[in-house]
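Here's the structure, in structure tokens; my notes come after.
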Amino acid sequence: MTASFTAAIPLFGQNEAKIQTSIEVYPHATDLGEGLPAWVAFDRKVLRFYAYFQEAVHDKREEQYRVRKCNIYFYLEDDTIHVSEPKTANSGIPQGTLIRRHRIQKREDVNGQHYTVIDLNVDKEVTFYSKTFKIIECDEFTRVSIQTCQTLRADLKARMKATRPYEPKSSLKKFLENDRRVLRFYCVWDDTDSVFGDVRHMVVQYYLSDDTVEIHERIPANSGRERNTLFLWWEVYGKSENQETEWSGYLHNQRFLSW
């Protein structure tokens, strides 16, 4: 008799936007190409773990608890879990299926996240419906699958690390969030060392939408200077070598905030 189950249906209270599945972390690339659906990439692929749990005994004085061995089956195609206990003849204990196949929600997760392949491994403890299972072993197929998954994930994380810092790139989100937001700073340019030089008053404007800078000069009345106040054109400027910040060669708002 086959146990009925419902697969790939969100649990009650789940936030689907924040739910992760095993296909996001488990390698599923084949010769047919990437992006295969889970029911095709993981068809008939089941991970089997050997575990045990302690059961309290209240009706006997000779023993306080007993250890019961069980098998945990994890179905990669839909993240469902099935727990069964091997039957022992004349044990006097109801054995067989302990937990029917379905997605099991994590008790401590507020978003309704269910267990995935990264939550099961040898020497780990998992809690299903207030019953704690200690995983002690797995079969050969499960061991090879987990090792392959961990190796590919480690290689992927290594490739994702930047070898050197790059300047941030403007995006549409940044433009929409910071459009018409401008930081204004008042400063002076001491030009007294040059011939006929004096102290010039400036206004520095930093545009948060695209990290550009514009500088205008504050020219007082009857100073004898031209009325063109634009001192530096509106664009992105590099930094000098003695200005050490997180992004070398790039001027960003953190530099102004630290002045």
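In the structure tokens, chains take letters A, B, ... by order of appearance, with residues numbered from 1 within each chain and ligands from 1 in the order shown.
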Taking the DSSP assignment computed from this structure's backbone, write out as a count of residues only all residues of range 119-231 of chain A that belong to alpha helix (DSSP H). 28
So that I can see what lies close to Tyr186 in chain A, please list as an mmCIF file with all heavy atoms, in the first residue's frame the residues with an atom at most 9 Å from it, counting only C-alpha atoms and leaving out residues fewer than 5 positions away in the same chain.
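After the write, out.cif holds the following:
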```
data_model
loop_
_atom_site.group_PDB
_atom_site.id
_atom_site.type_symbol
_atom_site.label_atom_id
_atom_site.label_comp_id
_atom_site.auth_asym_id
_atom_site.auth_seq_id
_atom_site.Cartn_x
_atom_site.Cartn_y
_atom_site.Cartn_z
ATOM 1 N N HIS A 201 35.816 80.929 -1.453
ATOM 2 C CA HIS A 201 34.740 80.186 -0.796
ATOM 3 C C HIS A 201 34.005 79.338 -1.831
ATOM 4 O O HIS A 201 33.593 79.838 -2.891
ATOM 5 C CB HIS A 201 33.776 81.144 -0.096
ATOM 6 C CG HIS A 201 34.397 81.884 1.047
ATOM 7 N ND1 HIS A 201 34.351 81.441 2.355
ATOM 8 C CD2 HIS A 201 35.110 83.048 1.077
ATOM 9 C CE1 HIS A 201 34.977 82.273 3.145
ATOM 10 N NE2 HIS A 201 35.464 83.279 2.396
ATOM 11 N N MET A 202 33.828 78.052 -1.491
ATOM 12 C CA MET A 202 33.241 77.093 -2.433
ATOM 13 C C MET A 202 32.047 76.384 -1.805
ATOM 14 O O MET A 202 31.894 76.331 -0.576
ATOM 15 C CB MET A 202 34.280 76.054 -2.862
ATOM 16 C CG MET A 202 35.541 76.627 -3.465
ATOM 17 S SD MET A 202 35.245 77.298 -5.110
ATOM 18 C CE MET A 202 36.894 77.929 -5.502
ATOM 19 N N VAL A 203 31.213 75.824 -2.677
ATOM 20 C CA VAL A 203 30.087 74.974 -2.275
ATOM 21 C C VAL A 203 30.211 73.660 -3.045
ATOM 22 O O VAL A 203 30.192 73.654 -4.282
ATOM 23 C CB VAL A 203 28.734 75.644 -2.570
ATOM 24 C CG1 VAL A 203 27.588 74.700 -2.190
ATOM 25 C CG2 VAL A 203 28.609 76.958 -1.819
ATOM 26 N N VAL A 204 30.387 72.559 -2.304
ATOM 27 C CA VAL A 204 30.512 71.235 -2.907
ATOM 28 C C VAL A 204 29.157 70.524 -2.825
ATOM 29 O O VAL A 204 28.583 70.402 -1.737
ATOM 30 C CB VAL A 204 31.594 70.397 -2.203
ATOM 31 C CG1 VAL A 204 31.704 69.009 -2.853
ATOM 32 C CG2 VAL A 204 32.936 71.116 -2.258
ATOM 33 N N GLN A 205 28.664 70.070 -3.957
ATOM 34 C CA GLN A 205 27.385 69.360 -4.008
ATOM 35 C C GLN A 205 27.627 67.923 -4.481
ATOM 36 O O GLN A 205 28.208 67.702 -5.547
ATOM 37 C CB GLN A 205 26.391 70.065 -4.940
ATOM 38 C CG GLN A 205 26.039 71.449 -4.477
ATOM 39 C CD GLN A 205 24.959 72.097 -5.328
ATOM 40 O OE1 GLN A 205 24.123 72.819 -4.836
ATOM 41 N NE2 GLN A 205 24.975 71.828 -6.623
#
```
So that I can see what lies close to Ser209 in chain A, please list as an MDAnalysis selection string the residues with an atom at most 8 Å from it, counting only C-alpha atoms and leaving out residues fewer than 5 positions away in the same chain. chainID A and resid 170 174:181
Just write the chosen residues, N, CA and C atoms, as a PDB file, in the first residue's frame.
```pdb
ATOM      1  N   SER A 170      26.304  52.363 -10.613  1.00  0.00           N
ATOM      2  CA  SER A 170      24.989  52.957 -10.428  1.00  0.00           C
ATOM      3  C   SER A 170      23.923  52.023 -10.972  1.00  0.00           C
ATOM      4  N   LYS A 174      19.153  52.499  -7.164  1.00  0.00           N
ATOM      5  CA  LYS A 174      19.853  53.583  -6.477  1.00  0.00           C
ATOM      6  C   LYS A 174      19.373  54.937  -6.982  1.00  0.00           C
ATOM      7  N   PHE A 175      19.127  55.035  -8.291  1.00  0.00           N
ATOM      8  CA  PHE A 175      18.674  56.306  -8.851  1.00  0.00           C
ATOM      9  C   PHE A 175      17.281  56.658  -8.347  1.00  0.00           C
ATOM     10  N   LEU A 176      16.390  55.676  -8.303  1.00  0.00           N
ATOM     11  CA  LEU A 176      15.020  55.951  -7.872  1.00  0.00           C
ATOM     12  C   LEU A 176      14.956  56.285  -6.383  1.00  0.00           C
ATOM     13  N   GLU A 177      15.808  55.645  -5.580  1.00  0.00           N
ATOM     14  CA  GLU A 177      15.778  55.896  -4.142  1.00  0.00           C
ATOM     15  C   GLU A 177      16.421  57.228  -3.777  1.00  0.00           C
ATOM     16  N   ASN A 178      17.420  57.682  -4.563  1.00  0.00           N
ATOM     17  CA  ASN A 178      18.189  58.882  -4.191  1.00  0.00           C
ATOM     18  C   ASN A 178      18.042  60.021  -5.187  1.00  0.00           C
ATOM     19  N   ASP A 179      17.061  59.948  -6.070  1.00  0.00           N
ATOM     20  CA  ASP A 179      16.874  61.036  -7.027  1.00  0.00           C
ATOM     21  C   ASP A 179      16.524  62.329  -6.303  1.00  0.00           C
ATOM     22  N   ARG A 180      17.205  63.414  -6.677  1.00  0.00           N
ATOM     23  CA  ARG A 180      17.028  64.759  -6.108  1.00  0.00           C
ATOM     24  C   ARG A 180      17.529  64.843  -4.665  1.00  0.00           C
ATOM     25  N   ARG A 181      18.317  63.910  -4.259  1.00  0.00           N
ATOM     26  CA  ARG A 181      18.949  63.978  -2.934  1.00  0.00           C
ATOM     27  C   ARG A 181      20.396  64.403  -3.117  1.00  0.00           C
TER      28      ARG A 181
END
```
Surrounding residues of range 56-71 of chain A excluding itself and chain neighbours under 5 positions, 12 Å, only C-alpha atoms, as a count of residues only: 31
Just to confirm, what's the straight-line distance from CA of Arg44 in chain A to CA of Lys124 in chain A in Å (one decimal)?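 These two atoms are separated by 24.4 Å.
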Residues near Val182 in chain A, anyone? I mean within 8 Å using only C-alpha atoms, not counting same-chain ones fewer than 6 positions away, as an mmCIF file with all heavy atoms, in the first residue's frame.
```
data_model
loop_
_atom_site.group_PDB
_atom_site.id
_atom_site.type_symbol
_atom_site.label_atom_id
_atom_site.label_comp_id
_atom_site.auth_asym_id
_atom_site.auth_seq_id
_atom_site.Cartn_x
_atom_site.Cartn_y
_atom_site.Cartn_z
ATOM 1 N N GLN A 205 28.664 70.070 -3.957
ATOM 2 C CA GLN A 205 27.385 69.360 -4.008
ATOM 3 C C GLN A 205 27.627 67.923 -4.481
ATOM 4 O O GLN A 205 28.208 67.702 -5.547
ATOM 5 C CB GLN A 205 26.391 70.065 -4.940
ATOM 6 C CG GLN A 205 26.039 71.449 -4.477
ATOM 7 C CD GLN A 205 24.959 72.097 -5.328
ATOM 8 O OE1 GLN A 205 24.123 72.819 -4.836
ATOM 9 N NE2 GLN A 205 24.975 71.828 -6.623
ATOM 10 N N TYR A 206 27.188 66.982 -3.650
ATOM 11 C CA TYR A 206 27.373 65.557 -3.953
ATOM 12 C C TYR A 206 26.006 64.955 -4.239
ATOM 13 O O TYR A 206 25.111 64.955 -3.391
ATOM 14 C CB TYR A 206 28.043 64.843 -2.779
ATOM 15 C CG TYR A 206 28.385 63.409 -3.062
ATOM 16 C CD1 TYR A 206 29.626 63.060 -3.566
ATOM 17 C CD2 TYR A 206 27.469 62.393 -2.827
ATOM 18 C CE1 TYR A 206 29.946 61.746 -3.837
ATOM 19 C CE2 TYR A 206 27.776 61.074 -3.091
ATOM 20 C CZ TYR A 206 29.015 60.755 -3.601
ATOM 21 O OH TYR A 206 29.326 59.463 -3.868
ATOM 22 N N TYR A 207 25.827 64.374 -5.436
ATOM 23 C CA TYR A 207 24.554 63.799 -5.867
ATOM 24 C C TYR A 207 24.551 62.298 -5.550
ATOM 25 O O TYR A 207 25.344 61.521 -6.106
ATOM 26 C CB TYR A 207 24.347 64.029 -7.362
ATOM 27 C CG TYR A 207 24.238 65.499 -7.731
ATOM 28 C CD1 TYR A 207 25.378 66.274 -7.929
ATOM 29 C CD2 TYR A 207 22.997 66.119 -7.858
ATOM 30 C CE1 TYR A 207 25.278 67.628 -8.251
ATOM 31 C CE2 TYR A 207 22.884 67.465 -8.185
ATOM 32 C CZ TYR A 207 24.038 68.209 -8.379
ATOM 33 O OH TYR A 207 23.936 69.545 -8.702
ATOM 34 N N LEU A 208 23.650 61.902 -4.653
ATOM 35 C CA LEU A 208 23.607 60.515 -4.204
ATOM 36 C C LEU A 208 23.102 59.563 -5.282
ATOM 37 O O LEU A 208 23.361 58.364 -5.219
ATOM 38 C CB LEU A 208 22.704 60.392 -2.971
ATOM 39 C CG LEU A 208 23.189 61.120 -1.717
ATOM 40 C CD1 LEU A 208 22.140 61.035 -0.620
ATOM 41 C CD2 LEU A 208 24.504 60.531 -1.231
#
```
CA of Val199 in chain A to CA of Pro220 in chain A, straight-line distance in Å: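 Here the two named atoms are 12.1 Å from each other.
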